[in-house]
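Data block below; observations after.
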Amino acid sequence: MVTKDVFVATALMTTYAKCGALAKARHVFEQLPEKNVVTWSALIGGYAHHGHGDEALKLFRQMRDVGVCPNYVTYVSILKACGIVGSLEIGEGIEEEVRNQGLLEKEAVLGNALMDMYSKCGALEKARKVFEQLPVKSVVSWSALIEGYAQLGEANMALNMYERMKAENFVPNLVTFTVLLTACSHAGLVGEGQKLFDEMRIDYHLTPTLEHYSCMIDMLGRAGQLDKMVAIVEHMPLHPNRVVWSTILGACRKWGDTEVGGEAFLHALGLDDEDAASYVSMSNIYTYSIS
């Protein structure tokens, strides 16, 4: 039997949603005799969090149709949904609403959500405008804008924003460096990427995660610097996962290196000897090296 207590039901829905059990969360929601903005927002947020933007927007319209007014939590989830489906028009309407209600000045998370939405919709100028108008900037807002430039291939702009961030005495965090290293990898900016990796460790005393090492491995692999790529793997203090070995196999396929590729293949099999992708990658490496 599903509880009809709103507080208990909301907690239950949130738990189900976080676990990806959206059908169960929806069932709890549907059984409630009365639904308020908190219960609506919990369900909408669950769908948005798991990438179901269309369903989140559909629920948002239903919520309004029954006369329930959204709060800032609802708006954050809807902005995420707009970014997922690329609905710039709805996102612009949400910005107008939150500005008219004065929420942008009260809830910093809304500014970051707006920037993320505009970036995912390819409207970087709008994202930059939101950023410049924020009453209070944080490392999260700086990182959100930097990520926006990085996602659309504007690596140099991302690096420029990083330099400005430092000049204004904001301290980057691990997320900032993940975004920047990914941008450098995709743009082929190996020197800049290596400098960032060193700054992270030496200047800011941040311990790189496996994700940061993966970015470096990908960057060096794309650039054909396989010796340096192998050196990173051999000396990093973390155990490589399937993503790392897959990245190395991809680099070896690109440059036709059967020796390094063979070693990576054996390590990949050590983690999962039934991984079909590893066999396909190794086959492609040999095919490429022969052709």
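Going through the structure tokens in order, the chains are called A, B, and so on, while each chain numbers its residues from 1 and the ligands are numbered from 1 in the order shown.
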task: Considering only C-alpha atoms, return as JSON, numbers by chain whatever protein or nucleic-acid residues lie within 8 Å of Arg26 in chain A, sequence-local ones (same chain, fewer than 3 positions apart) excluded.
output: {"A": [13, 22, 23, 29, 30, 43]}
message: So that I can see what lies close to range 68-85 of chain A, please list as a ChimeraX atom specification the residues with an atom at most 6 Å from it, counting only C-alpha atoms and leaving out residues fewer than 2 positions away in the same chain.
response: /A:41,45,48,53,63-64,66,87,91,110,113,117,120-121
message: I'd like the neighbourhood of range 264-273 of chain A as a PyMOL selection string, where a residue qualifies if any of its atoms comes within 8 Å (using only C-alpha atoms), though same-chain residues fewer than 5 positions away should be ignored.
response: chain A and resi 241-242+245-246+248-249+278-279+282
Output for the residues just chosen: C-alpha atoms as an mmCIF file, in the first residue's frame:
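Output file out.cif follows:
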data_model
loop_
_atom_site.group_PDB
_atom_site.id
_atom_site.type_symbol
_atom_site.label_atom_id
_atom_site.label_comp_id
_atom_site.auth_asym_id
_atom_site.auth_seq_id
_atom_site.Cartn_x
_atom_site.Cartn_y
_atom_site.Cartn_z
ATOM 1 C CA ASN A 241 39.382 1.117 -15.508
ATOM 2 C CA ARG A 242 37.678 -0.029 -18.707
ATOM 3 C CA TRP A 245 41.893 0.914 -21.620
ATOM 4 C CA SER A 246 39.209 1.662 -24.188
ATOM 5 C CA ILE A 248 44.150 3.651 -25.200
ATOM 6 C CA LEU A 249 42.814 1.079 -27.655
ATOM 7 C CA SER A 278 37.758 -4.761 -26.673
ATOM 8 C CA TYR A 279 37.919 -7.569 -29.230
ATOM 9 C CA MET A 282 41.958 -4.970 -31.215
#
task: Go ahead and compute the interatomic distance for CA of Ile90 in chain A and CA of Phe60 in chain A, in Å to one decimal.
output: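 Between these atoms lies a distance of 11.3 Å.
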message: From the options A:Tyr204, A:Ser141, A:Ala183, A:Gly256, which residue's atoms come nearest to Val171 in chain A, counting only C-alpha atoms?
response: A:Tyr204
message: Would you compute the distance between CA of His186 in chain A and CA of Arg222 in chain A? Give it in Å to one decimal.
response: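 Atom-to-atom, CA of His186 in chain A and CA of Arg222 in chain A are spaced 8.1 Å apart.
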field: Spatial neighbours of range 149-153 of chain A, max dist 9 Å, only C-alpha atoms, sep filter under 3 positions, as a PyMOL selection string
entry: chain A and resi 119-120+122+124+144-146+156-159+179-180+182-184+186-187
Atoms kept (C-alpha atoms) for selection, written as an mmCIF file, in the first residue's frame:
data_model
loop_
_atom_site.group_PDB
_atom_site.id
_atom_site.type_symbol
_atom_site.label_atom_id
_atom_site.label_comp_id
_atom_site.auth_asym_id
_atom_site.auth_seq_id
_atom_site.Cartn_x
_atom_site.Cartn_y
_atom_site.Cartn_z
ATOM 1 C CA SER A 119 24.959 26.502 -23.368
ATOM 2 C CA LYS A 120 23.322 23.182 -24.212
ATOM 3 C CA GLY A 122 24.045 26.603 -28.311
ATOM 4 C CA LEU A 124 26.541 31.041 -25.588
ATOM 5 C CA ALA A 144 29.320 26.368 -15.767
ATOM 6 C CA LEU A 145 30.257 29.070 -18.271
ATOM 7 C CA ILE A 146 33.647 27.522 -18.997
ATOM 8 C CA ASN A 156 40.304 29.129 -26.390
ATOM 9 C CA MET A 157 37.345 31.007 -24.926
ATOM 10 C CA ALA A 158 37.144 28.428 -22.138
ATOM 11 C CA LEU A 159 40.827 29.008 -21.374
ATOM 12 C CA VAL A 179 36.056 20.653 -18.157
ATOM 13 C CA LEU A 180 39.260 22.410 -19.200
ATOM 14 C CA THR A 182 38.419 17.795 -21.891
ATOM 15 C CA ALA A 183 38.355 20.991 -23.953
ATOM 16 C CA CYS A 184 42.120 20.839 -24.495
ATOM 17 C CA HIS A 186 39.261 17.778 -28.139
ATOM 18 C CA ALA A 187 41.061 20.869 -29.466
#
task: Could you give me, as a count of residues only, each residue of range 44-109 of chain A that DSSP assigns to alpha helix (DSSP H) when run on this structure's backbone?
output: 52
So that I can see what lies close to Arg99 in chain A, please list as a PDB file with N, CA and C atoms, in the first residue's frame the residues with an atom at most 12 Å from it, counting only C-alpha atoms and leaving out residues fewer than 4 positions away in the same chain.
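The result, stored in part-v2.pdb:
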ATOM      1  N   TYR A  72      11.453  27.632  -7.197  1.00  0.00           N
ATOM      2  CA  TYR A  72      12.765  27.670  -7.841  1.00  0.00           C
ATOM      3  C   TYR A  72      13.305  26.269  -8.109  1.00  0.00           C
ATOM      4  N   TYR A  75      11.812  25.192 -11.344  1.00  0.00           N
ATOM      5  CA  TYR A  75      12.438  25.902 -12.463  1.00  0.00           C
ATOM      6  C   TYR A  75      13.802  25.313 -12.808  1.00  0.00           C
ATOM      7  N   GLU A  92      13.836  30.425 -22.528  1.00  0.00           N
ATOM      8  CA  GLU A  92      13.777  31.886 -22.474  1.00  0.00           C
ATOM      9  C   GLU A  92      12.550  32.354 -21.692  1.00  0.00           C
ATOM     10  N   GLY A  93      11.450  31.625 -21.843  1.00  0.00           N
ATOM     11  CA  GLY A  93      10.244  31.966 -21.092  1.00  0.00           C
ATOM     12  C   GLY A  93      10.447  31.771 -19.601  1.00  0.00           C
ATOM     13  N   ILE A  94      11.169  30.722 -19.238  1.00  0.00           N
ATOM     14  CA  ILE A  94      11.458  30.478 -17.815  1.00  0.00           C
ATOM     15  C   ILE A  94      12.347  31.582 -17.255  1.00  0.00           C
ATOM     16  N   GLU A  95      13.325  32.025 -18.048  1.00  0.00           N
ATOM     17  CA  GLU A  95      14.175  33.123 -17.571  1.00  0.00           C
ATOM     18  C   GLU A  95      13.336  34.364 -17.287  1.00  0.00           C
ATOM     19  N   LEU A 103      13.593  35.910  -8.515  1.00  0.00           N
ATOM     20  CA  LEU A 103      14.232  34.690  -8.008  1.00  0.00           C
ATOM     21  C   LEU A 103      15.702  34.600  -8.369  1.00  0.00           C
ATOM     22  N   LEU A 104      16.091  35.223  -9.452  1.00  0.00           N
ATOM     23  CA  LEU A 104      17.468  35.116  -9.900  1.00  0.00           C
ATOM     24  C   LEU A 104      18.428  35.751  -8.896  1.00  0.00           C
ATOM     25  N   GLU A 105      17.952  36.779  -8.215  1.00  0.00           N
ATOM     26  CA  GLU A 105      18.785  37.445  -7.207  1.00  0.00           C
ATOM     27  C   GLU A 105      18.820  36.664  -5.898  1.00  0.00           C
ATOM     28  N   LYS A 106      17.805  35.835  -5.660  1.00  0.00           N
ATOM     29  CA  LYS A 106      17.695  35.129  -4.386  1.00  0.00           C
ATOM     30  C   LYS A 106      18.295  33.724  -4.437  1.00  0.00           C
ATOM     31  N   GLU A 107      18.211  33.070  -5.588  1.00  0.00           N
ATOM     32  CA  GLU A 107      18.634  31.676  -5.703  1.00  0.00           C
ATOM     33  C   GLU A 107      19.743  31.545  -6.753  1.00  0.00           C
ATOM     34  N   LEU A 110      19.733  29.063  -9.761  1.00  0.00           N
ATOM     35  CA  LEU A 110      18.971  29.350 -10.968  1.00  0.00           C
ATOM     36  C   LEU A 110      19.849  29.961 -12.059  1.00  0.00           C
ATOM     37  N   GLY A 111      20.754  30.825 -11.667  1.00  0.00           N
ATOM     38  CA  GLY A 111      21.668  31.426 -12.641  1.00  0.00           C
ATOM     39  C   GLY A 111      22.525  30.369 -13.307  1.00  0.00           C
ATOM     40  N   LEU A 114      20.374  28.370 -15.690  1.00  0.00           N
ATOM     41  CA  LEU A 114      20.123  29.129 -16.918  1.00  0.00           C
ATOM     42  C   LEU A 114      21.324  29.072 -17.860  1.00  0.00           C
ATOM     43  N   VAL A 130      23.820  36.071 -18.864  1.00  0.00           N
ATOM     44  CA  VAL A 130      23.328  35.663 -17.544  1.00  0.00           C
ATOM     45  C   VAL A 130      24.463  35.703 -16.535  1.00  0.00           C
ATOM     46  N   GLN A 133      25.493  39.144 -15.380  1.00  0.00           N
ATOM     47  CA  GLN A 133      24.478  39.815 -14.573  1.00  0.00           C
ATOM     48  C   GLN A 133      24.254  39.172 -13.211  1.00  0.00           C
ATOM     49  N   LEU A 134      24.958  38.060 -12.944  1.00  0.00           N
ATOM     50  CA  LEU A 134      24.792  37.411 -11.649  1.00  0.00           C
ATOM     51  C   LEU A 134      25.231  38.350 -10.526  1.00  0.00           C
TER      52      LEU A 134
END
task: Would you kindly return, as a PyMOL selection string, each protein, DNA or RNA residue with an atom no farther than 9 Å from any atom of range 6-10 of chain A, considering only C-alpha atoms and excluding same-chain residues fewer than 2 positions away?
output: chain A and resi 2-4+12-15+25+28-29+32+34-36+38-39+42-43
- prompt: How far is it from CA of Ala251 in chain A to CA of Ile285 in chain A, in Å with one decimal?
  reply: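 So the answer is 9.3 Å.
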task: Can you work out which one of A:Pro240, A:Leu226, A:Asp116, A:Ala167 has the shortest atom-to-atom distance to Glu259 in chain A, counting only C-alpha atoms?
output: A:Leu226
Selection: 8 Å around Asp218 in chain A, only C-alpha atoms, excl. self and same-chain fewer than 2 positions, as a PDB file with N, CA and C atoms, in the first residue's frame:
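Produced file out19.pdb, reproduced below:
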ATOM      1  N   SER A 185      41.783  18.456 -24.777  1.00  0.00           N
ATOM      2  CA  SER A 185      41.904  17.182 -25.476  1.00  0.00           C
ATOM      3  C   SER A 185      41.235  17.236 -26.841  1.00  0.00           C
ATOM      4  N   SER A 214      42.158  10.198 -17.191  1.00  0.00           N
ATOM      5  CA  SER A 214      41.558   9.759 -18.452  1.00  0.00           C
ATOM      6  C   SER A 214      41.594  10.868 -19.491  1.00  0.00           C
ATOM      7  N   CYS A 215      41.360  12.095 -19.032  1.00  0.00           N
ATOM      8  CA  CYS A 215      41.422  13.246 -19.951  1.00  0.00           C
ATOM      9  C   CYS A 215      42.824  13.400 -20.525  1.00  0.00           C
ATOM     10  N   MET A 216      43.822  13.265 -19.662  1.00  0.00           N
ATOM     11  CA  MET A 216      45.205  13.383 -20.116  1.00  0.00           C
ATOM     12  C   MET A 216      45.569  12.263 -21.084  1.00  0.00           C
ATOM     13  N   LEU A 220      46.704  12.931 -24.993  1.00  0.00           N
ATOM     14  CA  LEU A 220      47.972  12.474 -25.545  1.00  0.00           C
ATOM     15  C   LEU A 220      47.756  11.449 -26.651  1.00  0.00           C
ATOM     16  N   GLY A 221      46.750  10.601 -26.473  1.00  0.00           N
ATOM     17  CA  GLY A 221      46.443   9.607 -27.495  1.00  0.00           C
ATOM     18  C   GLY A 221      45.977  10.239 -28.787  1.00  0.00           C
ATOM     19  N   ARG A 222      45.115  11.233 -28.687  1.00  0.00           N
ATOM     20  CA  ARG A 222      44.635  11.934 -29.880  1.00  0.00           C
ATOM     21  C   ARG A 222      45.788  12.596 -30.636  1.00  0.00           C
ATOM     22  N   THR A 247      40.101   3.920 -24.124  1.00  0.00           N
ATOM     23  CA  THR A 247      40.688   5.137 -24.695  1.00  0.00           C
ATOM     24  C   THR A 247      42.034   4.826 -25.346  1.00  0.00           C
ATOM     25  N   ILE A 248      42.840   4.023 -24.662  1.00  0.00           N
ATOM     26  CA  ILE A 248      44.150   3.651 -25.200  1.00  0.00           C
ATOM     27  C   ILE A 248      43.991   2.821 -26.477  1.00  0.00           C
ATOM     28  N   ALA A 251      43.239   5.083 -29.323  1.00  0.00           N
ATOM     29  CA  ALA A 251      44.420   5.809 -29.793  1.00  0.00           C
ATOM     30  C   ALA A 251      45.321   4.899 -30.630  1.00  0.00           C
TER      31      ALA A 251
END
